[in-house]
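Q: See structure30.cif below, with mmCIF, C-alpha atoms and all ligand atoms.
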data_input
#
loop_
_atom_site.group_PDB
_atom_site.id
_atom_site.type_symbol
_atom_site.label_atom_id
_atom_site.label_comp_id
_atom_site.auth_asym_id
_atom_site.auth_seq_id
_atom_site.Cartn_x
_atom_site.Cartn_y
_atom_site.Cartn_z
ATOM 1 C CA MET A 1 22.656 -9.060 -9.851
ATOM 2 C CA MET A 2 23.380 -5.419 -10.525
ATOM 3 C CA ILE A 3 21.038 -3.229 -8.559
ATOM 4 C CA LYS A 4 21.477 0.482 -8.915
ATOM 5 C CA MET A 5 20.468 1.855 -5.542
ATOM 6 C CA ASP A 6 23.091 4.546 -5.906
ATOM 7 C CA SER A 7 22.272 7.979 -4.464
ATOM 8 C CA ARG A 8 23.112 9.473 -7.864
ATOM 9 C CA ASN A 9 20.087 7.638 -9.253
ATOM 10 C CA LEU A 10 17.752 8.668 -6.417
ATOM 11 C CA LEU A 11 14.551 10.168 -7.803
ATOM 12 C CA TYR A 12 12.577 10.518 -4.602
ATOM 13 C CA GLU A 13 13.045 9.730 -0.943
ATOM 14 C CA GLY A 14 9.681 9.263 0.735
ATOM 15 C CA LYS A 15 8.776 8.480 4.315
ATOM 16 C CA ALA A 16 9.168 4.697 3.968
ATOM 17 C CA LYS A 17 10.645 4.003 0.539
ATOM 18 C CA SER A 18 13.314 5.378 -1.768
ATOM 19 C CA VAL A 19 12.726 5.448 -5.502
ATOM 20 C CA PHE A 20 15.692 5.164 -7.876
ATOM 21 C CA GLN A 21 15.908 5.437 -11.654
ATOM 22 C CA GLY A 22 16.085 1.928 -13.107
ATOM 23 C CA GLU A 23 18.289 0.672 -15.930
ATOM 24 C CA SER A 24 15.707 1.539 -18.566
ATOM 25 C CA PRO A 25 13.905 4.906 -18.682
ATOM 26 C CA ASN A 26 10.549 3.263 -17.945
ATOM 27 C CA GLU A 27 11.750 1.454 -14.832
ATOM 28 C CA VAL A 28 12.353 2.381 -11.222
ATOM 29 C CA ILE A 29 13.929 0.511 -8.334
ATOM 30 C CA ILE A 30 11.952 0.922 -5.142
ATOM 31 C CA GLY A 31 13.903 0.430 -1.934
ATOM 32 C CA PHE A 32 11.729 -0.503 1.046
ATOM 33 C CA ARG A 33 13.234 1.003 4.204
ATOM 34 C CA ASP A 34 12.688 0.206 7.887
ATOM 35 C CA ASP A 35 11.448 3.737 8.625
ATOM 36 C CA MET A 36 7.985 4.023 10.069
ATOM 37 C CA THR A 37 6.102 7.278 10.486
ATOM 38 C CA ALA A 38 2.775 8.442 11.843
ATOM 39 C CA GLY A 39 0.902 11.730 11.835
ATOM 40 C CA ASP A 40 2.156 13.000 8.440
ATOM 41 C CA GLY A 41 5.697 12.125 9.500
ATOM 42 C CA ALA A 42 5.526 13.850 12.906
ATOM 43 C CA ARG A 43 6.692 10.645 14.633
ATOM 44 C CA LYS A 44 9.410 8.561 13.052
ATOM 45 C CA GLU A 45 11.069 5.342 14.218
ATOM 46 C CA THR A 46 13.172 2.597 12.675
ATOM 47 C CA MET A 47 11.576 -0.856 12.772
ATOM 48 C CA GLY A 48 14.103 -3.614 12.080
ATOM 49 C CA GLN A 49 13.048 -6.022 9.297
ATOM 50 C CA LYS A 50 10.057 -3.906 8.226
ATOM 51 C CA GLY A 51 11.449 -3.145 4.757
ATOM 52 C CA TYR A 52 12.243 -6.822 4.235
ATOM 53 C CA ILE A 53 8.803 -8.011 5.359
ATOM 54 C CA ASN A 54 6.819 -5.316 3.541
ATOM 55 C CA SER A 55 8.624 -5.689 0.229
ATOM 56 C CA ILE A 56 7.869 -9.404 0.150
ATOM 57 C CA ILE A 57 4.250 -9.038 1.280
ATOM 58 C CA CYS A 58 3.811 -6.345 -1.365
ATOM 59 C CA ALA A 59 5.314 -8.502 -4.124
ATOM 60 C CA LYS A 60 3.072 -11.395 -3.111
ATOM 61 C CA ILE A 61 -0.047 -9.209 -3.186
ATOM 62 C CA PHE A 62 0.886 -7.582 -6.501
ATOM 63 C CA GLU A 63 1.518 -11.016 -8.055
ATOM 64 C CA THR A 64 -1.868 -12.227 -6.853
ATOM 65 C CA LEU A 65 -3.508 -9.110 -8.300
ATOM 66 C CA GLU A 66 -1.714 -9.621 -11.626
ATOM 67 C CA ASP A 67 -2.966 -13.224 -11.709
ATOM 68 C CA ALA A 68 -6.481 -11.843 -11.235
ATOM 69 C CA GLY A 69 -6.014 -9.418 -14.142
ATOM 70 C CA VAL A 70 -5.235 -6.211 -12.247
ATOM 71 C CA LYS A 71 -2.263 -4.336 -13.734
ATOM 72 C CA THR A 72 0.397 -3.398 -11.193
ATOM 73 C CA GLN A 73 3.796 -1.724 -11.293
ATOM 74 C CA LEU A 74 5.575 -4.974 -10.329
ATOM 75 C CA ILE A 75 8.295 -6.176 -12.669
ATOM 76 C CA GLU A 76 10.107 -8.287 -10.099
ATOM 77 C CA LEU A 77 11.271 -8.442 -6.528
ATOM 78 C CA CYS A 78 15.015 -8.441 -7.230
ATOM 79 C CA GLU A 79 15.767 -9.336 -3.626
ATOM 80 C CA PRO A 80 14.060 -8.537 -0.320
ATOM 81 C CA CYS A 81 13.665 -4.736 0.072
ATOM 82 C CA VAL A 82 14.342 -4.140 -3.634
ATOM 83 C CA MET A 83 11.468 -4.025 -6.117
ATOM 84 C CA LYS A 84 11.926 -3.382 -9.823
ATOM 85 C CA ALA A 85 8.792 -1.591 -11.027
ATOM 86 C CA LYS A 86 7.310 0.321 -13.915
ATOM 87 C CA LYS A 87 8.050 4.008 -13.623
ATOM 88 C CA LEU A 88 4.754 5.803 -13.239
ATOM 89 C CA ASP A 89 3.614 9.377 -13.326
ATOM 90 C CA MET A 90 1.899 9.213 -9.945
ATOM 91 C CA ILE A 91 -1.575 10.637 -9.434
ATOM 92 C CA PRO A 92 -1.482 12.470 -6.063
ATOM 93 C CA ILE A 93 -4.581 10.735 -4.767
ATOM 94 C CA GLU A 94 -4.776 8.205 -1.933
ATOM 95 C CA VAL A 95 -7.594 5.860 -2.873
ATOM 96 C CA ILE A 96 -8.979 4.351 0.317
ATOM 97 C CA VAL A 97 -11.337 1.377 0.362
ATOM 98 C CA ARG A 98 -13.190 0.648 3.586
ATOM 99 C CA ASN A 99 -15.019 -2.596 4.379
ATOM 100 C CA ILE A 100 -15.481 -1.795 8.071
ATOM 101 C CA ALA A 101 -15.815 1.587 9.771
ATOM 102 C CA THR A 102 -12.827 2.511 11.949
ATOM 103 C CA GLY A 103 -10.143 5.183 12.224
ATOM 104 C CA SER A 104 -10.540 8.642 10.742
ATOM 105 C CA ILE A 105 -13.907 7.926 9.122
ATOM 106 C CA ILE A 106 -15.607 7.451 12.503
ATOM 107 C CA ARG A 107 -13.922 10.564 13.881
ATOM 108 C CA LYS A 108 -15.174 12.643 10.948
ATOM 109 C CA PHE A 109 -18.649 11.154 10.467
ATOM 110 C CA PRO A 110 -21.229 9.492 12.723
ATOM 111 C CA PHE A 111 -20.603 5.940 11.525
ATOM 112 C CA GLU A 112 -20.853 3.299 14.200
ATOM 113 C CA ASP A 113 -17.480 1.816 15.233
ATOM 114 C CA LYS A 114 -16.818 -1.495 13.401
ATOM 115 C CA ALA A 115 -20.000 -1.244 11.306
ATOM 116 C CA PRO A 116 -19.576 -2.969 7.920
ATOM 117 C CA PHE A 117 -19.821 -0.966 4.700
ATOM 118 C CA ASN A 118 -21.940 -2.694 2.064
ATOM 119 C CA PRO A 119 -20.965 -1.887 -0.629
ATOM 120 C CA PRO A 120 -17.401 -0.991 0.330
ATOM 121 C CA LEU A 121 -16.838 2.728 0.871
ATOM 122 C CA ILE A 122 -14.369 4.417 -1.471
ATOM 123 C CA GLN A 123 -12.721 7.606 -0.278
ATOM 124 C CA MET A 124 -10.164 9.732 -2.068
ATOM 125 C CA ASP A 125 -7.692 11.970 -0.253
ATOM 126 C CA PHE A 126 -5.350 14.523 -1.807
ATOM 127 C CA LYS A 127 -1.837 13.138 -1.219
ATOM 128 C CA ASP A 128 -0.087 16.182 0.187
ATOM 129 C CA ASP A 129 1.509 16.119 3.655
ATOM 130 C CA GLN A 130 1.594 19.933 3.855
ATOM 131 C CA PHE A 131 -2.168 20.046 3.490
ATOM 132 C CA HIS A 132 -2.561 16.939 5.707
ATOM 133 C CA ASP A 133 -4.068 14.808 2.919
ATOM 134 C CA PRO A 134 -7.530 16.421 2.847
ATOM 135 C CA MET A 135 -10.520 14.472 1.592
ATOM 136 C CA LEU A 136 -11.362 15.072 -2.081
ATOM 137 C CA ASN A 137 -14.469 14.962 -4.153
ATOM 138 C CA ASP A 138 -14.570 14.696 -7.945
ATOM 139 C CA ALA A 139 -15.099 18.432 -8.452
ATOM 140 C CA ILE A 140 -12.056 19.348 -6.350
ATOM 141 C CA ALA A 141 -9.816 16.725 -8.001
ATOM 142 C CA ILE A 142 -10.841 17.941 -11.455
ATOM 143 C CA ALA A 143 -10.412 21.615 -10.502
ATOM 144 C CA LEU A 144 -6.939 20.850 -9.100
ATOM 145 C CA GLY A 145 -6.111 19.282 -12.474
ATOM 146 C CA ILE A 146 -4.890 16.043 -10.876
ATOM 147 C CA ALA A 147 -7.424 13.741 -12.583
ATOM 148 C CA THR A 148 -10.236 13.766 -15.127
ATOM 149 C CA LYS A 149 -13.718 12.408 -14.486
ATOM 150 C CA GLU A 150 -12.743 9.320 -16.514
ATOM 151 C CA ASP A 151 -9.603 8.852 -14.416
ATOM 152 C CA LEU A 152 -11.633 9.062 -11.193
ATOM 153 C CA ASP A 153 -14.163 6.502 -12.427
ATOM 154 C CA LYS A 154 -11.287 4.201 -13.425
ATOM 155 C CA LEU A 155 -9.653 4.603 -9.996
ATOM 156 C CA ARG A 156 -12.899 3.564 -8.297
ATOM 157 C CA GLU A 157 -13.359 0.590 -10.618
ATOM 158 C CA LEU A 158 -9.779 -0.619 -10.058
ATOM 159 C CA ALA A 159 -9.954 -0.027 -6.299
ATOM 160 C CA LEU A 160 -13.007 -2.283 -6.035
ATOM 161 C CA GLU A 161 -11.270 -4.985 -8.074
ATOM 162 C CA VAL A 162 -8.241 -4.783 -5.785
ATOM 163 C CA ASN A 163 -10.550 -4.998 -2.770
ATOM 164 C CA GLU A 164 -12.264 -8.113 -4.075
ATOM 165 C CA VAL A 165 -9.029 -9.969 -4.751
ATOM 166 C CA MET A 166 -7.388 -8.921 -1.494
ATOM 167 C CA THR A 167 -10.426 -9.580 0.678
ATOM 168 C CA LYS A 168 -10.442 -13.184 -0.530
ATOM 169 C CA MET A 169 -6.689 -13.533 -0.266
ATOM 170 C CA PHE A 170 -6.726 -12.446 3.385
ATOM 171 C CA LYS A 171 -9.917 -14.319 4.277
ATOM 172 C CA ASP A 172 -8.188 -17.532 3.183
ATOM 173 C CA ILE A 173 -5.493 -16.954 5.831
ATOM 174 C CA GLY A 174 -7.864 -15.964 8.621
ATOM 175 C CA ILE A 175 -7.451 -12.206 8.299
ATOM 176 C CA ILE A 176 -10.131 -9.547 7.834
ATOM 177 C CA LEU A 177 -9.229 -6.814 5.349
ATOM 178 C CA VAL A 178 -10.759 -3.849 7.194
ATOM 179 C CA ASP A 179 -9.540 -1.074 4.896
ATOM 180 C CA PHE A 180 -6.542 -0.062 2.805
ATOM 181 C CA LYS A 181 -4.939 2.792 0.879
ATOM 182 C CA ILE A 182 -3.569 2.489 -2.639
ATOM 183 C CA GLU A 183 -1.931 4.842 -5.123
ATOM 184 C CA PHE A 184 -2.055 4.793 -8.893
ATOM 185 C CA GLY A 185 0.011 6.319 -11.652
ATOM 186 C CA LYS A 186 0.112 6.472 -15.421
ATOM 187 C CA ASP A 187 2.623 4.518 -17.487
ATOM 188 C CA SER A 188 4.296 5.929 -20.611
ATOM 189 C CA GLU A 189 1.219 4.989 -22.653
ATOM 190 C CA GLY A 190 -1.191 6.704 -20.283
ATOM 191 C CA ASN A 191 -2.623 3.509 -18.758
ATOM 192 C CA ILE A 192 -3.606 3.776 -15.103
ATOM 193 C CA ILE A 193 -1.540 1.243 -13.140
ATOM 194 C CA LEU A 194 -1.487 0.315 -9.453
ATOM 195 C CA GLY A 195 1.761 1.660 -7.991
ATOM 196 C CA ASP A 196 3.460 2.307 -4.652
ATOM 197 C CA GLU A 197 2.882 -0.536 -2.173
ATOM 198 C CA ILE A 198 0.329 -2.672 -0.422
ATOM 199 C CA SER A 199 1.539 -3.880 2.967
ATOM 200 C CA PRO A 200 0.611 -3.787 6.665
ATOM 201 C CA ASP A 201 1.767 -0.136 6.505
ATOM 202 C CA SER A 202 -1.126 0.680 4.185
ATOM 203 C CA CYS A 203 -3.863 -1.769 5.259
ATOM 204 C CA ARG A 204 -5.873 -2.435 8.383
ATOM 205 C CA LEU A 205 -5.752 -6.176 9.021
ATOM 206 C CA TRP A 206 -7.497 -7.940 11.902
ATOM 207 C CA ASP A 207 -7.162 -11.562 12.931
ATOM 208 C CA ALA A 208 -10.521 -13.086 12.009
ATOM 209 C CA GLU A 209 -10.857 -14.960 15.312
ATOM 210 C CA THR A 210 -9.340 -12.693 17.952
ATOM 211 C CA LEU A 211 -9.706 -9.368 16.078
ATOM 212 C CA ASP A 212 -6.079 -8.678 17.049
ATOM 213 C CA ILE A 213 -4.577 -5.825 15.061
ATOM 214 C CA LEU A 214 -1.891 -6.967 12.572
ATOM 215 C CA ASP A 215 -0.925 -3.649 10.959
ATOM 216 C CA LYS A 216 0.536 -0.161 11.409
ATOM 217 C CA GLU A 217 -2.292 0.809 13.762
ATOM 218 C CA LEU A 218 -0.142 -0.735 16.527
ATOM 219 C CA PHE A 219 2.496 1.919 15.801
ATOM 220 C CA ARG A 220 -0.111 4.694 15.787
ATOM 221 C CA GLN A 221 -1.191 3.415 19.219
ATOM 222 C CA GLY A 222 2.411 3.542 20.463
ATOM 223 C CA LYS A 223 2.712 -0.257 20.741
ATOM 224 C CA ASP A 224 6.019 -0.145 18.887
ATOM 225 C CA ASP A 225 7.293 -3.415 20.372
ATOM 226 C CA GLU A 226 4.353 -5.349 18.870
ATOM 227 C CA VAL A 227 4.653 -4.022 15.316
ATOM 228 C CA ILE A 228 7.197 -6.402 13.805
ATOM 229 C CA ASN A 229 5.617 -9.493 15.389
ATOM 230 C CA ALA A 230 2.284 -8.570 13.832
ATOM 231 C CA TYR A 231 3.825 -7.936 10.406
ATOM 232 C CA GLU A 232 5.671 -11.268 10.665
ATOM 233 C CA GLU A 233 2.397 -13.010 11.439
ATOM 234 C CA VAL A 234 0.891 -11.660 8.207
ATOM 235 C CA PHE A 235 4.071 -12.603 6.327
ATOM 236 C CA ASN A 236 4.067 -16.160 7.673
ATOM 237 C CA ARG A 237 0.419 -16.748 6.833
ATOM 238 C CA LEU A 238 0.666 -15.214 3.355
ATOM 239 C CA LEU A 239 3.855 -16.827 2.044
ATOM 240 C CA SER A 240 3.666 -20.370 0.723
ATOM 241 C CA GLU A 241 6.576 -22.795 0.703
ATOM 242 C CA GLU A 242 6.833 -22.161 -3.060
ATOM 243 C CA ASP A 243 7.132 -18.412 -2.499
ATOM 244 C CA ARG A 244 9.921 -18.967 0.022
ATOM 245 C CA VAL A 245 11.850 -21.118 -2.443
ATOM 246 C CA LYS A 246 11.271 -18.667 -5.292
ATOM 247 C CA TRP A 247 12.566 -15.699 -3.313
ATOM 248 C CA ASN A 248 15.285 -17.631 -1.417
ATOM 249 C CA LEU A 249 13.767 -16.781 1.967
HETATM 250 N N1 LIG B 301 6.020 3.022 -9.761
HETATM 251 C C1 LIG B 301 6.304 4.242 -9.291
HETATM 252 N N2 LIG B 301 6.903 5.160 -10.084
HETATM 253 C C2 LIG B 301 7.205 6.395 -9.607
HETATM 254 N N3 LIG B 301 6.941 6.809 -8.337
HETATM 255 C C3 LIG B 301 6.345 5.937 -7.508
HETATM 256 C C4 LIG B 301 6.001 4.616 -7.938
HETATM 257 N N4 LIG B 301 5.409 3.976 -6.906
HETATM 258 C C5 LIG B 301 5.389 4.850 -5.890
HETATM 259 N N5 LIG B 301 5.925 6.033 -6.230
HETATM 260 C C6 LIG B 301 6.080 7.211 -5.364
HETATM 261 O O1 LIG B 301 7.271 7.032 -4.606
HETATM 262 C C7 LIG B 301 7.077 7.372 -3.243
HETATM 263 C C8 LIG B 301 7.250 6.129 -2.393
HETATM 264 O O2 LIG B 301 7.834 6.385 -1.184
HETATM 265 P P1 LIG B 301 7.030 6.623 0.160
HETATM 266 O O3 LIG B 301 8.017 6.445 1.236
HETATM 267 O O4 LIG B 301 5.783 5.835 0.194
HETATM 268 O O5 LIG B 301 6.673 8.168 -0.044
HETATM 269 P P2 LIG B 301 5.635 9.125 0.681
HETATM 270 O O6 LIG B 301 6.298 9.618 1.900
HETATM 271 O O7 LIG B 301 5.437 10.196 -0.353
HETATM 272 O O8 LIG B 301 4.381 8.331 0.915
HETATM 273 C C9 LIG B 301 5.661 7.901 -3.143
HETATM 274 O O9 LIG B 301 5.668 9.315 -3.215
HETATM 275 C C10 LIG B 301 4.958 7.313 -4.350
HETATM 276 O O10 LIG B 301 3.911 8.134 -4.817
HETATM 277 MG MG MG B 302 3.926 6.328 1.031
#
Show the structure stored in the file as structure tokens.
Ligand SMILES: Nc1ncnc2c1ncn2[C@@H]1O[C@H](COP(=O)(O)OP(=O)(O)O)[C@@H](O)[C@H]1O
Ligand SMILES: [Mg+2]
A:
Amino acid sequence: MMIKMDSRNLLYEGKAKSVFQGESPNEVIIGFRDDMTAGDGARKETMGQKGYINSIICAKIFETLEDAGVKTQLIELCEPCVMKAKKLDMIPIEVIVRNIATGSIIRKFPFEDKAPFNPPLIQMDFKDDQFHDPMLNDAIAIALGIATKEDLDKLRELALEVNEVMTKMFKDIGIILVDFKIEFGKDSEGNIILGDEISPDSCRLWDAETLDILDKELFRQGKDDEVINAYEEVFNRLLSEEDRVKWNL
């Protein structure tokens, strides 16, 4: 298979992934790297196998979402670490869905630690490392010109659909989906599509029995040596025998 991950085709090098122009104008190739960062990139380490694991977890989640009728960027996982995707005009908003209160939300507001949110709490942050991803409201997003009221309503609707599908998907493998961050973009026809990635880098995942952390929070806590084992645990529970055959794993 010809995969053009040539630096001449590099569109954008982010903190964890590299985005390359695909063969057709409406396609990109997303390379999942082993780089892991915390604190807006202040701390950066290389975690062996992370790109491999995350790309496959992401493809599996995107496929499950597609089956449930949620449009995603996924065209195909060409091979581990290499995702062919629809090229999107990204909306610089991090849409965060919270089922349980933890992390920044309990530092900023007097929510009780581990209290459930019913209905799920949707938060939108401005995706801009220089400004440290400040929390948005509709008025600010509209004034910045990054989304219309209709776009914002659509983002909330899609985020809740994603949450429903993923909550079930993880519950079935004994994992609590605590919260997650997603990003959307517009395709060439202006449709809002789920882009970027969903992986243990962008979700909080707790073992349903032990409440052990199975996500990037371990890295934020400095438990670097536990990160890959936790990601592998998610990978092993999520991937069926069929998936392994399909992707030659
Ligand atoms: N389908 C897509 N088309 C174009 N750009 C995308 C797509 N999916 C994700 N992106 C962008 O590519 C970058 C992915 O790399 P990442 O390492 O996550 O970057 P960042 O450091 O900005 O979070 C992000 O900026 C993301 O918004
Ligand atoms: Mg990112």
Q: Counting only C-alpha atoms, which of A:Val227, A:Ile93, A:Leu205, A:Met83 gets nearest to Ala59 of chain A?
A: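 Using only C-alpha atoms, the shortest distance to Ala59 of chain A belongs to A:Met83.
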Q: Output the residue selection produced by the PyMOL selection byres (((not hetatm)) within 6 of (chain B and resi 301)) on the file above, formatted as a PyMOL selection string.
A: chain A and resi 14-19+73+85-90+195-196
Q: Here's the selection I'm unsure about, the PyMOL selection byres (((chain A and resi 160) around 12) and not hetatm); applied to the file above, which residues does it give, as an mmCIF file with C-alpha atoms, in the frame of the given file?
A:
data_model
loop_
_atom_site.group_PDB
_atom_site.id
_atom_site.type_symbol
_atom_site.label_atom_id
_atom_site.label_comp_id
_atom_site.auth_asym_id
_atom_site.auth_seq_id
_atom_site.Cartn_x
_atom_site.Cartn_y
_atom_site.Cartn_z
ATOM 1 C CA LEU A 65 -3.508 -9.110 -8.300
ATOM 2 C CA VAL A 70 -5.235 -6.211 -12.247
ATOM 3 C CA VAL A 95 -7.594 5.860 -2.873
ATOM 4 C CA ILE A 96 -8.979 4.351 0.317
ATOM 5 C CA VAL A 97 -11.337 1.377 0.362
ATOM 6 C CA ARG A 98 -13.190 0.648 3.586
ATOM 7 C CA ASN A 99 -15.019 -2.596 4.379
ATOM 8 C CA PRO A 119 -20.965 -1.887 -0.629
ATOM 9 C CA PRO A 120 -17.401 -0.991 0.330
ATOM 10 C CA LEU A 121 -16.838 2.728 0.871
ATOM 11 C CA ILE A 122 -14.369 4.417 -1.471
ATOM 12 C CA GLN A 123 -12.721 7.606 -0.278
ATOM 13 C CA ASP A 153 -14.163 6.502 -12.427
ATOM 14 C CA LYS A 154 -11.287 4.201 -13.425
ATOM 15 C CA LEU A 155 -9.653 4.603 -9.996
ATOM 16 C CA ARG A 156 -12.899 3.564 -8.297
ATOM 17 C CA GLU A 157 -13.359 0.590 -10.618
ATOM 18 C CA LEU A 158 -9.779 -0.619 -10.058
ATOM 19 C CA ALA A 159 -9.954 -0.027 -6.299
ATOM 20 C CA GLU A 161 -11.270 -4.985 -8.074
ATOM 21 C CA VAL A 162 -8.241 -4.783 -5.785
ATOM 22 C CA ASN A 163 -10.550 -4.998 -2.770
ATOM 23 C CA GLU A 164 -12.264 -8.113 -4.075
ATOM 24 C CA VAL A 165 -9.029 -9.969 -4.751
ATOM 25 C CA MET A 166 -7.388 -8.921 -1.494
ATOM 26 C CA THR A 167 -10.426 -9.580 0.678
ATOM 27 C CA ASP A 179 -9.540 -1.074 4.896
ATOM 28 C CA PHE A 180 -6.542 -0.062 2.805
ATOM 29 C CA LYS A 181 -4.939 2.792 0.879
ATOM 30 C CA ILE A 182 -3.569 2.489 -2.639
#
Q: Atom CA of Gly41 of chain A to atom CA of Ile213 of chain A: how many Å, to one decimal?
A: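 Between these atoms lies a distance of 21.4 Å.
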Q: Written as a PDB file with C-alpha atoms, in the frame of the given file, which residues does the PyMOL selection byres (((chain A and resi 58) around 10) and not hetatm) give for the file shown?
A:
ATOM      1  CA  ILE A  53       8.803  -8.011   5.359  1.00  0.00           C
ATOM      2  CA  ASN A  54       6.819  -5.316   3.541  1.00  0.00           C
ATOM      3  CA  SER A  55       8.624  -5.689   0.229  1.00  0.00           C
ATOM      4  CA  ILE A  56       7.869  -9.404   0.150  1.00  0.00           C
ATOM      5  CA  ILE A  57       4.250  -9.038   1.280  1.00  0.00           C
ATOM      6  CA  ALA A  59       5.314  -8.502  -4.124  1.00  0.00           C
ATOM      7  CA  LYS A  60       3.072 -11.395  -3.111  1.00  0.00           C
ATOM      8  CA  ILE A  61      -0.047  -9.209  -3.186  1.00  0.00           C
ATOM      9  CA  PHE A  62       0.886  -7.582  -6.501  1.00  0.00           C
ATOM     10  CA  GLU A  63       1.518 -11.016  -8.055  1.00  0.00           C
ATOM     11  CA  THR A  64      -1.868 -12.227  -6.853  1.00  0.00           C
ATOM     12  CA  LEU A  74       5.575  -4.974 -10.329  1.00  0.00           C
ATOM     13  CA  LEU A  77      11.271  -8.442  -6.528  1.00  0.00           C
ATOM     14  CA  MET A  83      11.468  -4.025  -6.117  1.00  0.00           C
ATOM     15  CA  ASP A 196       3.460   2.307  -4.652  1.00  0.00           C
ATOM     16  CA  GLU A 197       2.882  -0.536  -2.173  1.00  0.00           C
ATOM     17  CA  ILE A 198       0.329  -2.672  -0.422  1.00  0.00           C
ATOM     18  CA  SER A 199       1.539  -3.880   2.967  1.00  0.00           C
ATOM     19  CA  PRO A 200       0.611  -3.787   6.665  1.00  0.00           C
ATOM     20  CA  PHE A 235       4.071 -12.603   6.327  1.00  0.00           C
TER      21      PHE A 235
END
Q: Using only C-alpha atoms, which residue out of A:Val28, A:Leu211, A:Ile106, A:Leu249 lies closest to Gly174 of chain A?
A: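 Nearest candidate to Gly174 of chain A out of A:Val28, A:Leu211, A:Ile106, A:Leu249: A:Leu211.
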Q: Using only C-alpha atoms, find the one residue out of A:Asn191, A:Lys216, A:Ile173, A:Tyr12 that sits nearest to Arg237 of chain A.
A: A:Ile173
Q: Find, counting all atoms listed in the file, the residue in A:Pro92, A:Pro25, A:Pro80, A:Pro134 that gets nearest to ligand MG 302 (chain B).
A: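 Checking each candidate against ligand MG 302 (chain B), we get A:Pro92 as the closest.
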Q: Using only C-alpha atoms, which of the listed residues (A:Glu233, A:Glu189, A:Glu217, A:Asp67) sits closest to Asp201 of chain A?
A: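 The answer is A:Glu217, which sits nearest to Asp201 of chain A.
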Q: Could you check the closest approach to Asp215 of chain A for each of A:Glu94, A:Glu232, A:Asp172, A:Asp133 and tell me which residue wins, using all atoms listed in the file?
A: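 For Asp215 of chain A, the nearest of the given residues is A:Glu232.
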Q: Do you have the atom CA of Phe109 of chain A-atom CA of Asp207 of chain A distance handy?
A: 25.6 Å
Q: Select all residues near (-13.0, -4.5, 21.4) (cut-off 12 Å, inclusive, file coordinates), counting all atoms listed in the file, and output them as a PyMOL selection string.
A: chain A and resi 102+113-114+206+210-213
Q: Work out how far apart atom CA of Ile91 of chain A and atom CA of Phe170 of chain A are and give it in Å to one decimal.
A: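 Separation of atom CA of Ile91 of chain A and atom CA of Phe170 of chain A: 26.9 Å.
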Q: At a cut-off of 12 Å, using all atoms listed in the file, what residues contact Leu11 of chain A? Leave out same-chain residues fewer than 2 positions from it and give the result as a list of chain:residue names.
A: A:Lys4, A:Met5, A:Asp6, A:Ser7, A:Arg8, A:Asn9, A:Glu13, A:Gly14, A:Lys17, A:Ser18, A:Val19, A:Phe20, A:Gln21, A:Gly22, A:Glu27, A:Val28, A:Ile29, A:Ile30, A:Gly31, A:Lys87
Q: Is there a way to get, as a list in words, all residues within 6 Å of the point (-1.3, 5.7, -12.0) in file coordinates, counting all atoms listed in the file?
A: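 Checking each residue against the 6 Å limit leaves Met90, Ile91, Phe184, Gly185, Lys186, Ile192, Ile193 and Leu194 of chain A.
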